[in-house]
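One structure is given here, and the rest of the page talks about it.
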Amino acid sequence: MISAVSPKAAARVCDAARSRGKTIGLVPTMGALHEGHIKLISECRKQCSFLVVSIFVNPAQFGPKEDFASYPRNLKKDLRICRENGVDMVFTPSVKDMYPPDFETFIELEKLPGHLCGLKRPGHFRGVATVVLKLFNIINPDMAVFGKKDYQQLTVIKKMARDLNLRLRIKGVETVRTGSGLAVSSRNRYLSADELRRAALLRKSLEEGRLMASRGAAAADIKKRIREMLMPAGGKIDYVYVCDRESLEDIKEVKGKALIALAVKICPARLIDNIEIQGPARSASKK
Ligand code: PAF
């Protein structure tokens, strides 16, 4: 496995791989790799012959009061996981290389960050879009994969790629869950055994929401029921949304396919999850 630290070295290795006819796949990560990342790696592996994992805790996507300093970092373990999972190159740039002191160009989407997590984390998606575009420009991948747990992030990146005519495929990969249904996340390690048990209510409430939607319940009733079900989790609910899958705009009725997304603070972690839903099958029109 090749290890590249500088953007120039990473670009050189990828250019050489491309000239040997390789198809390049990129899995962008912030490290602290877990089962969810391993699934991203294996999905990308299936379709690419040169697999790159980037590990970079991106300061531009953390708010001033967020956990940038304490975000879990374990490069040695991450490198082992990459090696064991057939990664061809690991890219671990420094903050100085990604954001030199005179850095001043950012990518900002106008509407998508005005929903869900974007409302609670101003500037977050500006930081995500900027670093992801930088990674795309350095690696020049044919394909990049992102987890569906961060549904808004995936939506933002797909939209950026479309708006800016980026020439790569963005693929969303299903969320990996623990036995209790909790979405696997680097931040789960902040939780105690009791908090982890309570966090399982996130998935249960989303499943109930999906069932209600399939039976024709209004969005307001779905959100009310989910909030009730989340009460015993003892956390602070940041949001529960029933929304369009692409624009992420709030909807009142679930007619076709839609999304339920939620964020709950179960101290000290802020957990997010979502579920794709479908309104009731349309009955044949009466004559
Ligand atoms: O999902 C993440 O780990 C990060 O937001 C990403 C996409 C690597 C950008 O820093």
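Residues are named by chain letter and number: chains run A, B, ... in the order of the structure tokens, numbers start at 1 in each chain, and ligands are numbered from 1 in the order shown.
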
Exercise for the section: List the neighbours of region 268-279 of chain A out to 7 Å using only C-alpha atoms; skip same-chain residues closer than 2 positions along the sequence, and give me the result as a count of residues only. Expected result: 24

Can you check which parts of chain A lie within 7 Å of ligand 1? Per residue, the shortest pair of atoms and distance in Å to one decimal, counting only C-alpha atoms and all ligand atoms, sorted by chain and number, as a tab-separated table.
residue	atom	partner	partner_atom_place_in_ligand_line	distance
A:Pro28	CA	ligand 1	8 (C)	4.4
A:Thr29	CA	ligand 1	8 (C)	3.7
A:Met30	CA	ligand 1	3 (O)	4.6
A:Phe56	CA	ligand 1	10 (O)	6.6
A:Val57	CA	ligand 1	10 (O)	6.4
A:Asn58	CA	ligand 1	10 (O)	5.2
A:Val128	CA	ligand 1	9 (C)	4.9
A:Val131	CA	ligand 1	10 (O)	6.1
A:Val132	CA	ligand 1	9 (C)	5.8
A:Phe146	CA	ligand 1	7 (C)	6.9
A:Asp150	CA	ligand 1	1 (O)	6.9

Any chance you could export the current selection's N, CA, C and O atoms as a compact mmCIF listing (two decimals), in the first residue's frame?
# COMPACT_ATOMS: atom_id res chain seq x y z
N PRO A 28 -13.41 9.17 0.61
CA PRO A 28 -12.94 10.24 1.49
C PRO A 28 -13.38 9.96 2.93
O PRO A 28 -14.54 9.62 3.17
N THR A 29 -12.46 10.07 3.89
CA THR A 29 -12.82 9.82 5.29
C THR A 29 -12.10 10.83 6.20
O THR A 29 -11.18 11.51 5.76
N MET A 30 -12.56 10.85 7.44
CA MET A 30 -11.83 11.64 8.46
C MET A 30 -11.13 10.68 9.42
O MET A 30 -10.83 11.03 10.55
N PHE A 56 -8.41 12.67 6.53
CA PHE A 56 -8.12 14.07 6.82
C PHE A 56 -9.24 14.63 7.69
O PHE A 56 -10.40 14.68 7.24
N VAL A 57 -8.91 15.01 8.92
CA VAL A 57 -9.92 15.63 9.79
C VAL A 57 -9.97 17.10 9.37
O VAL A 57 -9.04 17.86 9.62
N ASN A 58 -11.06 17.43 8.69
CA ASN A 58 -11.14 18.69 7.95
C ASN A 58 -11.61 19.84 8.86
O ASN A 58 -12.80 19.93 9.17
N VAL A 128 -17.42 20.93 3.96
CA VAL A 128 -17.44 19.59 3.35
C VAL A 128 -17.25 19.72 1.83
O VAL A 128 -16.39 19.06 1.23
N VAL A 131 -13.62 20.75 0.86
CA VAL A 131 -12.57 19.74 0.99
C VAL A 131 -12.79 18.60 -0.01
O VAL A 131 -11.83 18.07 -0.59
N VAL A 132 -14.05 18.25 -0.24
CA VAL A 132 -14.32 17.14 -1.17
C VAL A 132 -13.92 17.54 -2.59
O VAL A 132 -13.30 16.75 -3.31
N PHE A 146 -19.81 7.57 -0.73
CA PHE A 146 -20.17 8.24 0.53
C PHE A 146 -21.30 7.45 1.17
O PHE A 146 -22.14 6.88 0.46
N ASP A 150 -25.00 9.92 6.27
CA ASP A 150 -24.87 11.37 6.10
C ASP A 150 -25.59 11.75 4.81
O ASP A 150 -24.97 12.14 3.82

Identify, on the basis of only C-alpha atoms, every residue whose closest approach to Ile41 (chain A) does not exceed 9 Å; exclude the query and any residue fewer than 6 positions from it along the same chain; express the result as a CSV table (one decimal) with C-alpha atoms, in the first residue's frame.
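Generated file (out-v7.csv):
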chain,number,residue,atom,x,y,z
A,25,GLY,CA,-12.0,5.0,-6.8
A,26,LEU,CA,-11.9,7.4,-3.8
A,27,VAL,CA,-13.3,6.9,-0.3
A,51,LEU,CA,-8.5,2.3,-4.6
A,52,VAL,CA,-7.6,5.5,-2.7
A,53,VAL,CA,-8.7,6.3,0.9
A,82,CYS,CA,-6.8,0.0,4.9
A,85,ASN,CA,-9.0,-4.2,3.0
A,86,GLY,CA,-6.9,-4.0,-0.2
A,87,VAL,CA,-6.5,-0.2,-0.4
A,145,VAL,CA,-18.4,6.7,-2.5

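Minimum distance to Ser49 (chain A) across A:Gly21, A:Gly209, A:Gly36, A:Pro100 (counting only C-alpha atoms) occurs at A:Gly21.
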
Problem - Neighbour list for Gly147 (chain A) as number ranges by chain, cut-off 10 Å, only C-alpha atoms, skip fewer than 2 positions in-chain - result: A: 27, 36-37, 39-40, 145, 149-151, 153-154, 171-176

Saved selection, atoms kept: N, CA, C and O atoms, as a compact mmCIF listing (two decimals), in the first residue's frame:
# COMPACT_ATOMS: atom_id res chain seq x y z
N VAL A 27 -12.42 6.91 -1.53
CA VAL A 27 -13.26 6.89 -0.32
C VAL A 27 -12.74 8.00 0.60
O VAL A 27 -11.73 7.82 1.28
N GLY A 36 -18.55 0.88 8.87
CA GLY A 36 -19.19 1.69 7.82
C GLY A 36 -18.18 2.03 6.72
O GLY A 36 -18.47 1.93 5.53
N HIS A 37 -16.97 2.45 7.14
CA HIS A 37 -15.94 2.78 6.15
C HIS A 37 -15.51 1.53 5.36
O HIS A 37 -15.24 1.58 4.17
N LYS A 39 -17.28 -0.94 4.59
CA LYS A 39 -18.28 -1.21 3.54
C LYS A 39 -18.07 -0.26 2.36
O LYS A 39 -18.17 -0.67 1.19
N LEU A 40 -17.76 1.01 2.65
CA LEU A 40 -17.51 1.96 1.54
C LEU A 40 -16.32 1.48 0.71
O LEU A 40 -16.36 1.49 -0.52
N VAL A 145 -17.25 7.28 -3.23
CA VAL A 145 -18.40 6.73 -2.49
C VAL A 145 -18.56 7.44 -1.15
O VAL A 145 -17.58 7.85 -0.51
N LYS A 149 -25.77 7.35 5.63
CA LYS A 149 -26.09 7.87 6.96
C LYS A 149 -26.04 9.40 6.94
O LYS A 149 -26.89 10.07 7.48
N ASP A 150 -25.00 9.92 6.27
CA ASP A 150 -24.87 11.37 6.10
C ASP A 150 -25.59 11.75 4.81
O ASP A 150 -24.97 12.14 3.82
N TYR A 151 -26.91 11.60 4.84
CA TYR A 151 -27.71 11.74 3.63
C TYR A 151 -27.59 13.14 3.03
O TYR A 151 -27.48 13.31 1.82
N GLN A 153 -25.11 15.21 3.37
CA GLN A 153 -23.76 15.34 2.79
C GLN A 153 -23.73 14.72 1.38
O GLN A 153 -23.21 15.31 0.43
N LEU A 154 -24.30 13.52 1.26
CA LEU A 154 -24.33 12.84 -0.04
C LEU A 154 -25.09 13.68 -1.06
O LEU A 154 -24.67 13.84 -2.21
N LYS A 171 -21.37 7.65 -5.64
CA LYS A 171 -22.24 6.53 -5.27
C LYS A 171 -22.56 6.59 -3.76
O LYS A 171 -21.64 6.76 -2.94
N GLY A 172 -23.83 6.43 -3.43
CA GLY A 172 -24.24 6.35 -2.03
C GLY A 172 -24.30 4.90 -1.59
O GLY A 172 -24.78 4.05 -2.34
N VAL A 173 -23.80 4.63 -0.40
CA VAL A 173 -23.74 3.25 0.11
C VAL A 173 -24.61 3.15 1.37
O VAL A 173 -24.59 4.06 2.22
N GLU A 174 -25.34 2.03 1.47
CA GLU A 174 -26.26 1.83 2.60
C GLU A 174 -25.53 1.92 3.95
O GLU A 174 -24.37 1.52 4.06
N THR A 175 -26.25 2.39 4.94
CA THR A 175 -25.71 2.55 6.29
C THR A 175 -25.46 1.18 6.94
O THR A 175 -26.31 0.29 6.84
N VAL A 176 -24.33 1.06 7.62
CA VAL A 176 -24.06 -0.16 8.39
C VAL A 176 -24.61 0.06 9.80
O VAL A 176 -24.43 1.14 10.38

Can you pull out the residues contacting Phe125 (chain A)? Cut-off 10 Å, using only C-alpha atoms, and skip same-chain residues under 2 positions away; I want them as a PDB file with all heavy atoms, in the first residue's frame.
ATOM      1  N   ALA A  60     -12.305  22.797   8.331  1.00  0.00           N
ATOM      2  CA  ALA A  60     -13.277  23.731   7.737  1.00  0.00           C
ATOM      3  C   ALA A  60     -14.729  23.288   7.912  1.00  0.00           C
ATOM      4  O   ALA A  60     -15.640  24.077   7.671  1.00  0.00           O
ATOM      5  CB  ALA A  60     -12.972  23.910   6.252  1.00  0.00           C
ATOM      6  N   GLN A  61     -14.957  22.046   8.326  1.00  0.00           N
ATOM      7  CA  GLN A  61     -16.356  21.608   8.465  1.00  0.00           C
ATOM      8  C   GLN A  61     -16.814  21.532   9.922  1.00  0.00           C
ATOM      9  O   GLN A  61     -17.914  21.080  10.190  1.00  0.00           O
ATOM     10  CB  GLN A  61     -16.595  20.286   7.733  1.00  0.00           C
ATOM     11  CG  GLN A  61     -15.923  19.068   8.354  1.00  0.00           C
ATOM     12  CD  GLN A  61     -16.049  17.840   7.461  1.00  0.00           C
ATOM     13  OE1 GLN A  61     -15.397  17.748   6.430  1.00  0.00           O
ATOM     14  NE2 GLN A  61     -16.895  16.893   7.834  1.00  0.00           N
ATOM     15  N   PHE A  62     -15.945  21.955  10.845  1.00  0.00           N
ATOM     16  CA  PHE A  62     -16.302  21.965  12.270  1.00  0.00           C
ATOM     17  C   PHE A  62     -16.591  23.395  12.710  1.00  0.00           C
ATOM     18  O   PHE A  62     -15.841  24.316  12.366  1.00  0.00           O
ATOM     19  CB  PHE A  62     -15.137  21.453  13.125  1.00  0.00           C
ATOM     20  CG  PHE A  62     -14.900  19.964  13.008  1.00  0.00           C
ATOM     21  CD1 PHE A  62     -14.193  19.442  11.940  1.00  0.00           C
ATOM     22  CD2 PHE A  62     -15.372  19.093  13.976  1.00  0.00           C
ATOM     23  CE1 PHE A  62     -13.956  18.077  11.816  1.00  0.00           C
ATOM     24  CE2 PHE A  62     -15.153  17.727  13.871  1.00  0.00           C
ATOM     25  CZ  PHE A  62     -14.443  17.216  12.794  1.00  0.00           C
ATOM     26  N   ILE A 107     -16.408  26.521  -1.517  1.00  0.00           N
ATOM     27  CA  ILE A 107     -17.560  26.108  -2.335  1.00  0.00           C
ATOM     28  C   ILE A 107     -18.809  26.220  -1.461  1.00  0.00           C
ATOM     29  O   ILE A 107     -18.853  25.661  -0.366  1.00  0.00           O
ATOM     30  CB  ILE A 107     -17.402  24.631  -2.769  1.00  0.00           C
ATOM     31  CG1 ILE A 107     -16.164  24.450  -3.640  1.00  0.00           C
ATOM     32  CG2 ILE A 107     -18.648  24.124  -3.478  1.00  0.00           C
ATOM     33  CD1 ILE A 107     -16.254  25.124  -4.989  1.00  0.00           C
ATOM     34  N   GLU A 108     -19.778  26.941  -1.953  1.00  0.00           N
ATOM     35  CA  GLU A 108     -20.994  27.133  -1.159  1.00  0.00           C
ATOM     36  C   GLU A 108     -22.237  26.838  -1.989  1.00  0.00           C
ATOM     37  O   GLU A 108     -22.418  27.417  -3.050  1.00  0.00           O
ATOM     38  CB  GLU A 108     -21.029  28.582  -0.666  1.00  0.00           C
ATOM     39  CG  GLU A 108     -21.949  28.781   0.487  1.00  0.00           C
ATOM     40  CD  GLU A 108     -21.407  29.822   1.467  1.00  0.00           C
ATOM     41  OE1 GLU A 108     -20.534  30.614   1.080  1.00  0.00           O
ATOM     42  OE2 GLU A 108     -21.864  29.824   2.602  1.00  0.00           O
ATOM     43  N   LEU A 109     -23.090  25.933  -1.498  1.00  0.00           N
ATOM     44  CA  LEU A 109     -24.367  25.689  -2.174  1.00  0.00           C
ATOM     45  C   LEU A 109     -25.394  26.631  -1.569  1.00  0.00           C
ATOM     46  O   LEU A 109     -25.353  26.914  -0.368  1.00  0.00           O
ATOM     47  CB  LEU A 109     -24.802  24.232  -1.993  1.00  0.00           C
ATOM     48  CG  LEU A 109     -24.036  23.231  -2.857  1.00  0.00           C
ATOM     49  CD1 LEU A 109     -22.742  22.814  -2.200  1.00  0.00           C
ATOM     50  CD2 LEU A 109     -24.890  22.017  -3.157  1.00  0.00           C
ATOM     51  N   LEU A 112     -29.398  23.817  -0.478  1.00  0.00           N
ATOM     52  CA  LEU A 112     -29.389  22.548   0.274  1.00  0.00           C
ATOM     53  C   LEU A 112     -28.934  22.690   1.732  1.00  0.00           C
ATOM     54  O   LEU A 112     -29.489  22.036   2.616  1.00  0.00           O
ATOM     55  CB  LEU A 112     -28.528  21.508  -0.446  1.00  0.00           C
ATOM     56  CG  LEU A 112     -29.220  20.756  -1.585  1.00  0.00           C
ATOM     57  CD1 LEU A 112     -28.231  19.822  -2.277  1.00  0.00           C
ATOM     58  CD2 LEU A 112     -30.414  19.957  -1.058  1.00  0.00           C
ATOM     59  N   PRO A 113     -27.943  23.530   2.018  1.00  0.00           N
ATOM     60  CA  PRO A 113     -27.532  23.631   3.426  1.00  0.00           C
ATOM     61  C   PRO A 113     -28.549  24.362   4.311  1.00  0.00           C
ATOM     62  O   PRO A 113     -28.376  24.424   5.522  1.00  0.00           O
ATOM     63  CB  PRO A 113     -26.210  24.425   3.371  1.00  0.00           C
ATOM     64  CG  PRO A 113     -25.747  24.292   1.960  1.00  0.00           C
ATOM     65  CD  PRO A 113     -27.002  24.241   1.139  1.00  0.00           C
ATOM     66  N   GLY A 114     -29.635  24.857   3.694  1.00  0.00           N
ATOM     67  CA  GLY A 114     -30.662  25.547   4.486  1.00  0.00           C
ATOM     68  C   GLY A 114     -31.650  24.578   5.125  1.00  0.00           C
ATOM     69  O   GLY A 114     -32.720  24.982   5.564  1.00  0.00           O
ATOM     70  N   CYS A 117     -29.248  19.298   8.963  1.00  0.00           N
ATOM     71  CA  CYS A 117     -28.054  19.628   9.751  1.00  0.00           C
ATOM     72  C   CYS A 117     -27.495  21.008   9.414  1.00  0.00           C
ATOM     73  O   CYS A 117     -26.855  21.644  10.247  1.00  0.00           O
ATOM     74  CB  CYS A 117     -26.950  18.595   9.517  1.00  0.00           C
ATOM     75  SG  CYS A 117     -27.315  17.019  10.270  1.00  0.00           S
ATOM     76  N   GLY A 118     -27.714  21.442   8.178  1.00  0.00           N
ATOM     77  CA  GLY A 118     -27.168  22.741   7.763  1.00  0.00           C
ATOM     78  C   GLY A 118     -27.691  23.869   8.640  1.00  0.00           C
ATOM     79  O   GLY A 118     -26.987  24.854   8.889  1.00  0.00           O
ATOM     80  N   ARG A 121     -25.729  23.560  11.904  1.00  0.00           N
ATOM     81  CA  ARG A 121     -24.265  23.613  11.786  1.00  0.00           C
ATOM     82  C   ARG A 121     -23.882  24.577  10.646  1.00  0.00           C
ATOM     83  O   ARG A 121     -23.439  24.142   9.578  1.00  0.00           O
ATOM     84  CB  ARG A 121     -23.704  22.209  11.509  1.00  0.00           C
ATOM     85  CG  ARG A 121     -24.116  21.169  12.531  1.00  0.00           C
ATOM     86  CD  ARG A 121     -23.450  19.837  12.250  1.00  0.00           C
ATOM     87  NE  ARG A 121     -22.020  19.857  12.511  1.00  0.00           N
ATOM     88  CZ  ARG A 121     -21.179  18.861  12.199  1.00  0.00           C
ATOM     89  NH1 ARG A 121     -21.635  17.774  11.616  1.00  0.00           N
ATOM     90  NH2 ARG A 121     -19.892  18.955  12.469  1.00  0.00           N
ATOM     91  N   PRO A 122     -24.054  25.892  10.893  1.00  0.00           N
ATOM     92  CA  PRO A 122     -23.768  26.835   9.815  1.00  0.00           C
ATOM     93  C   PRO A 122     -22.318  26.696   9.338  1.00  0.00           C
ATOM     94  O   PRO A 122     -21.409  26.566  10.147  1.00  0.00           O
ATOM     95  CB  PRO A 122     -24.017  28.212  10.456  1.00  0.00           C
ATOM     96  CG  PRO A 122     -24.316  27.975  11.897  1.00  0.00           C
ATOM     97  CD  PRO A 122     -24.474  26.514  12.149  1.00  0.00           C
ATOM     98  N   GLY A 123     -22.128  26.685   8.042  1.00  0.00           N
ATOM     99  CA  GLY A 123     -20.773  26.589   7.486  1.00  0.00           C
ATOM    100  C   GLY A 123     -20.278  25.161   7.310  1.00  0.00           C
ATOM    101  O   GLY A 123     -19.283  24.914   6.629  1.00  0.00           O
ATOM    102  N   GLY A 127     -17.651  23.708   4.311  1.00  0.00           N
ATOM    103  CA  GLY A 127     -16.376  23.042   4.597  1.00  0.00           C
ATOM    104  C   GLY A 127     -16.300  21.676   3.927  1.00  0.00           C
ATOM    105  O   GLY A 127     -15.261  21.296   3.387  1.00  0.00           O
ATOM    106  N   VAL A 128     -17.420  20.934   3.959  1.00  0.00           N
ATOM    107  CA  VAL A 128     -17.441  19.594   3.347  1.00  0.00           C
ATOM    108  C   VAL A 128     -17.251  19.722   1.829  1.00  0.00           C
ATOM    109  O   VAL A 128     -16.395  19.058   1.232  1.00  0.00           O
ATOM    110  CB  VAL A 128     -18.764  18.854   3.656  1.00  0.00           C
ATOM    111  CG1 VAL A 128     -18.894  17.597   2.815  1.00  0.00           C
ATOM    112  CG2 VAL A 128     -18.856  18.506   5.144  1.00  0.00           C
ATOM    113  N   ALA A 129     -18.058  20.583   1.203  1.00  0.00           N
ATOM    114  CA  ALA A 129     -17.993  20.701  -0.265  1.00  0.00           C
ATOM    115  C   ALA A 129     -16.599  21.152  -0.693  1.00  0.00           C
ATOM    116  O   ALA A 129     -16.050  20.648  -1.679  1.00  0.00           O
ATOM    117  CB  ALA A 129     -19.063  21.681  -0.748  1.00  0.00           C
ATOM    118  N   THR A 130     -16.017  22.064   0.042  1.00  0.00           N
ATOM    119  CA  THR A 130     -14.690  22.587  -0.328  1.00  0.00           C
ATOM    120  C   THR A 130     -13.633  21.487  -0.255  1.00  0.00           C
ATOM    121  O   THR A 130     -12.870  21.283  -1.195  1.00  0.00           O
ATOM    122  CB  THR A 130     -14.309  23.764   0.601  1.00  0.00           C
ATOM    123  OG1 THR A 130     -15.322  24.765   0.488  1.00  0.00           O
ATOM    124  CG2 THR A 130     -12.957  24.355   0.229  1.00  0.00           C
ATOM    125  N   VAL A 131     -13.615  20.754   0.861  1.00  0.00           N
ATOM    126  CA  VAL A 131     -12.567  19.736   0.988  1.00  0.00           C
ATOM    127  C   VAL A 131     -12.788  18.600  -0.011  1.00  0.00           C
ATOM    128  O   VAL A 131     -11.831  18.070  -0.587  1.00  0.00           O
ATOM    129  CB  VAL A 131     -12.436  19.216   2.446  1.00  0.00           C
ATOM    130  CG1 VAL A 131     -13.477  18.170   2.778  1.00  0.00           C
ATOM    131  CG2 VAL A 131     -11.047  18.669   2.694  1.00  0.00           C
ATOM    132  N   GLN A 152     -27.593  14.151   3.911  1.00  0.00           N
ATOM    133  CA  GLN A 152     -27.507  15.523   3.394  1.00  0.00           C
ATOM    134  C   GLN A 152     -26.144  15.764   2.757  1.00  0.00           C
ATOM    135  O   GLN A 152     -26.036  16.417   1.723  1.00  0.00           O
ATOM    136  CB  GLN A 152     -27.766  16.530   4.526  1.00  0.00           C
ATOM    137  CG  GLN A 152     -27.825  17.962   4.019  1.00  0.00           C
ATOM    138  CD  GLN A 152     -28.303  18.936   5.066  1.00  0.00           C
ATOM    139  OE1 GLN A 152     -28.270  18.630   6.265  1.00  0.00           O
ATOM    140  NE2 GLN A 152     -28.735  20.116   4.644  1.00  0.00           N
ATOM    141  N   GLN A 153     -25.105  15.207   3.366  1.00  0.00           N
ATOM    142  CA  GLN A 153     -23.763  15.343   2.786  1.00  0.00           C
ATOM    143  C   GLN A 153     -23.728  14.722   1.381  1.00  0.00           C
ATOM    144  O   GLN A 153     -23.208  15.312   0.427  1.00  0.00           O
ATOM    145  CB  GLN A 153     -22.746  14.656   3.696  1.00  0.00           C
ATOM    146  CG  GLN A 153     -21.376  14.476   3.080  1.00  0.00           C
ATOM    147  CD  GLN A 153     -20.350  14.035   4.096  1.00  0.00           C
ATOM    148  OE1 GLN A 153     -19.910  14.817   4.893  1.00  0.00           O
ATOM    149  NE2 GLN A 153     -19.955  12.772   4.073  1.00  0.00           N
ATOM    150  N   VAL A 156     -25.571  16.951  -1.017  1.00  0.00           N
ATOM    151  CA  VAL A 156     -24.781  18.161  -1.313  1.00  0.00           C
ATOM    152  C   VAL A 156     -23.687  17.822  -2.334  1.00  0.00           C
ATOM    153  O   VAL A 156     -23.468  18.553  -3.304  1.00  0.00           O
ATOM    154  CB  VAL A 156     -24.169  18.726   0.007  1.00  0.00           C
ATOM    155  CG1 VAL A 156     -22.994  19.649  -0.263  1.00  0.00           C
ATOM    156  CG2 VAL A 156     -25.245  19.440   0.818  1.00  0.00           C
ATOM    157  N   ILE A 157     -23.018  16.694  -2.136  1.00  0.00           N
ATOM    158  CA  ILE A 157     -21.899  16.340  -3.017  1.00  0.00           C
ATOM    159  C   ILE A 157     -22.402  15.976  -4.417  1.00  0.00           C
ATOM    160  O   ILE A 157     -21.828  16.387  -5.423  1.00  0.00           O
ATOM    161  CB  ILE A 157     -21.042  15.226  -2.383  1.00  0.00           C
ATOM    162  CG1 ILE A 157     -20.330  15.809  -1.165  1.00  0.00           C
ATOM    163  CG2 ILE A 157     -20.015  14.669  -3.378  1.00  0.00           C
ATOM    164  CD1 ILE A 157     -19.792  14.808  -0.194  1.00  0.00           C
TER     165      ILE A 157
END

Problem - CA of Ile251 (chain A) to CA of His115 (chain A), distance in Å rounded to a single decimal - result: 12.2 Å

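Using only C-alpha atoms, the smallest distance between any of A:Asp194, A:Glu207, A:Asp244, A:Asp78 and Leu33 (chain A) comes from A:Asp78.
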
Handout entry: Top pick for closest residue to Pro7 (chain A), considering A:Asp238, A:Glu110, A:Asp221, A:Asp97 and counting only C-alpha atoms
Key =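 Result for the nearest residue to Pro7 (chain A): A:Asp97.
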
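Within region 150-189 of chain A, DSSP applied to the backbone places the following residues in alpha helix (DSSP H): Tyr151, Gln152, Gln153, Leu154, Thr155, Val156, Ile157, Lys158, Lys159, Met160, Ala161, Arg162 and Asp163 of chain A.
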
Restricting the output to all heavy atoms, write the selected residues as a short mmCIF file (atom, residue, chain, number, x, y, z; two decimals), in the first residue's frame.
data_model
loop_
_atom_site.label_atom_id
_atom_site.label_comp_id
_atom_site.auth_asym_id
_atom_site.auth_seq_id
_atom_site.Cartn_x
_atom_site.Cartn_y
_atom_site.Cartn_z
N TYR A 151 -26.91 11.60 4.84
CA TYR A 151 -27.71 11.74 3.63
C TYR A 151 -27.59 13.14 3.03
O TYR A 151 -27.48 13.31 1.82
CB TYR A 151 -29.18 11.43 3.95
CG TYR A 151 -30.00 11.14 2.73
CD1 TYR A 151 -30.22 9.84 2.30
CD2 TYR A 151 -30.55 12.18 1.98
CE1 TYR A 151 -30.96 9.57 1.16
CE2 TYR A 151 -31.29 11.92 0.84
CZ TYR A 151 -31.49 10.62 0.44
OH TYR A 151 -32.22 10.36 -0.69
N GLN A 152 -27.59 14.15 3.91
CA GLN A 152 -27.51 15.52 3.39
C GLN A 152 -26.14 15.76 2.76
O GLN A 152 -26.04 16.42 1.72
CB GLN A 152 -27.77 16.53 4.53
CG GLN A 152 -27.83 17.96 4.02
CD GLN A 152 -28.30 18.94 5.07
OE1 GLN A 152 -28.27 18.63 6.26
NE2 GLN A 152 -28.74 20.12 4.64
N GLN A 153 -25.11 15.21 3.37
CA GLN A 153 -23.76 15.34 2.79
C GLN A 153 -23.73 14.72 1.38
O GLN A 153 -23.21 15.31 0.43
CB GLN A 153 -22.75 14.66 3.70
CG GLN A 153 -21.38 14.48 3.08
CD GLN A 153 -20.35 14.03 4.10
OE1 GLN A 153 -19.91 14.82 4.89
NE2 GLN A 153 -19.95 12.77 4.07
N LEU A 154 -24.30 13.52 1.26
CA LEU A 154 -24.33 12.84 -0.04
C LEU A 154 -25.09 13.68 -1.06
O LEU A 154 -24.67 13.84 -2.21
CB LEU A 154 -24.98 11.45 0.14
CG LEU A 154 -25.24 10.63 -1.11
CD1 LEU A 154 -23.94 10.27 -1.81
CD2 LEU A 154 -25.99 9.34 -0.75
N THR A 155 -26.21 14.26 -0.62
CA THR A 155 -27.03 15.08 -1.51
C THR A 155 -26.27 16.33 -1.96
O THR A 155 -26.29 16.72 -3.13
CB THR A 155 -28.34 15.50 -0.78
OG1 THR A 155 -28.91 14.33 -0.21
CG2 THR A 155 -29.35 16.12 -1.71
N VAL A 156 -25.57 16.95 -1.02
CA VAL A 156 -24.78 18.16 -1.31
C VAL A 156 -23.69 17.82 -2.33
O VAL A 156 -23.47 18.55 -3.30
CB VAL A 156 -24.17 18.73 0.01
CG1 VAL A 156 -22.99 19.65 -0.26
CG2 VAL A 156 -25.24 19.44 0.82
N ILE A 157 -23.02 16.69 -2.14
CA ILE A 157 -21.90 16.34 -3.02
C ILE A 157 -22.40 15.98 -4.42
O ILE A 157 -21.83 16.39 -5.42
CB ILE A 157 -21.04 15.23 -2.38
CG1 ILE A 157 -20.33 15.81 -1.17
CG2 ILE A 157 -20.02 14.67 -3.38
CD1 ILE A 157 -19.79 14.81 -0.19
N LYS A 158 -23.53 15.25 -4.46
CA LYS A 158 -24.11 14.92 -5.78
C LYS A 158 -24.49 16.20 -6.53
O LYS A 158 -24.29 16.33 -7.72
CB LYS A 158 -25.36 14.05 -5.61
CG LYS A 158 -25.06 12.58 -5.38
CD LYS A 158 -26.36 11.81 -5.37
CE LYS A 158 -26.12 10.32 -5.30
NZ LYS A 158 -27.31 9.57 -4.96
N LYS A 159 -25.07 17.15 -5.77
CA LYS A 159 -25.53 18.39 -6.40
C LYS A 159 -24.33 19.21 -6.88
O LYS A 159 -24.34 19.77 -7.98
CB LYS A 159 -26.38 19.18 -5.39
CG LYS A 159 -27.08 20.36 -5.98
CD LYS A 159 -28.17 19.88 -6.91
CE LYS A 159 -28.93 20.91 -7.70
NZ LYS A 159 -28.64 22.28 -7.60
N MET A 160 -23.30 19.28 -6.04
CA MET A 160 -22.09 20.01 -6.43
C MET A 160 -21.51 19.41 -7.71
O MET A 160 -21.14 20.13 -8.64
CB MET A 160 -21.05 19.95 -5.31
CG MET A 160 -19.68 20.45 -5.72
SD MET A 160 -18.49 20.40 -4.39
CE MET A 160 -17.99 18.68 -4.40
N ALA A 161 -21.48 18.07 -7.77
CA ALA A 161 -20.90 17.39 -8.93
C ALA A 161 -21.72 17.71 -10.19
O ALA A 161 -21.16 17.95 -11.25
CB ALA A 161 -20.86 15.89 -8.69
N ARG A 162 -23.05 17.77 -10.01
CA ARG A 162 -23.91 18.08 -11.16
C ARG A 162 -23.75 19.55 -11.58
O ARG A 162 -23.54 19.86 -12.73
CB ARG A 162 -25.36 17.77 -10.78
CG ARG A 162 -26.20 17.54 -12.00
CD ARG A 162 -27.63 17.09 -11.75
NE ARG A 162 -27.94 16.54 -10.46
CZ ARG A 162 -29.02 16.91 -9.75
NH1 ARG A 162 -29.83 17.84 -10.18
NH2 ARG A 162 -29.26 16.35 -8.58
N ASP A 163 -23.82 20.43 -10.59
CA ASP A 163 -23.75 21.87 -10.88
C ASP A 163 -22.41 22.25 -11.52
O ASP A 163 -22.36 23.14 -12.36
CB ASP A 163 -23.93 22.68 -9.59
CG ASP A 163 -25.37 22.69 -9.11
OD1 ASP A 163 -26.25 22.21 -9.84
OD2 ASP A 163 -25.62 23.18 -7.98
#

Completion exercise
A straight line from CA of Cys44 (chain A) to CA of Asp88 (chain A) spans 11.9 Å

Practice task
Run DSSP on the backbone and give me the residues of region 11-186 of chain A it puts in strand (DSSP E or B), as a PyMOL selection string.
Solution key: chain A and resi 24-29+50-55+89-91+143-147+169-173+177+183
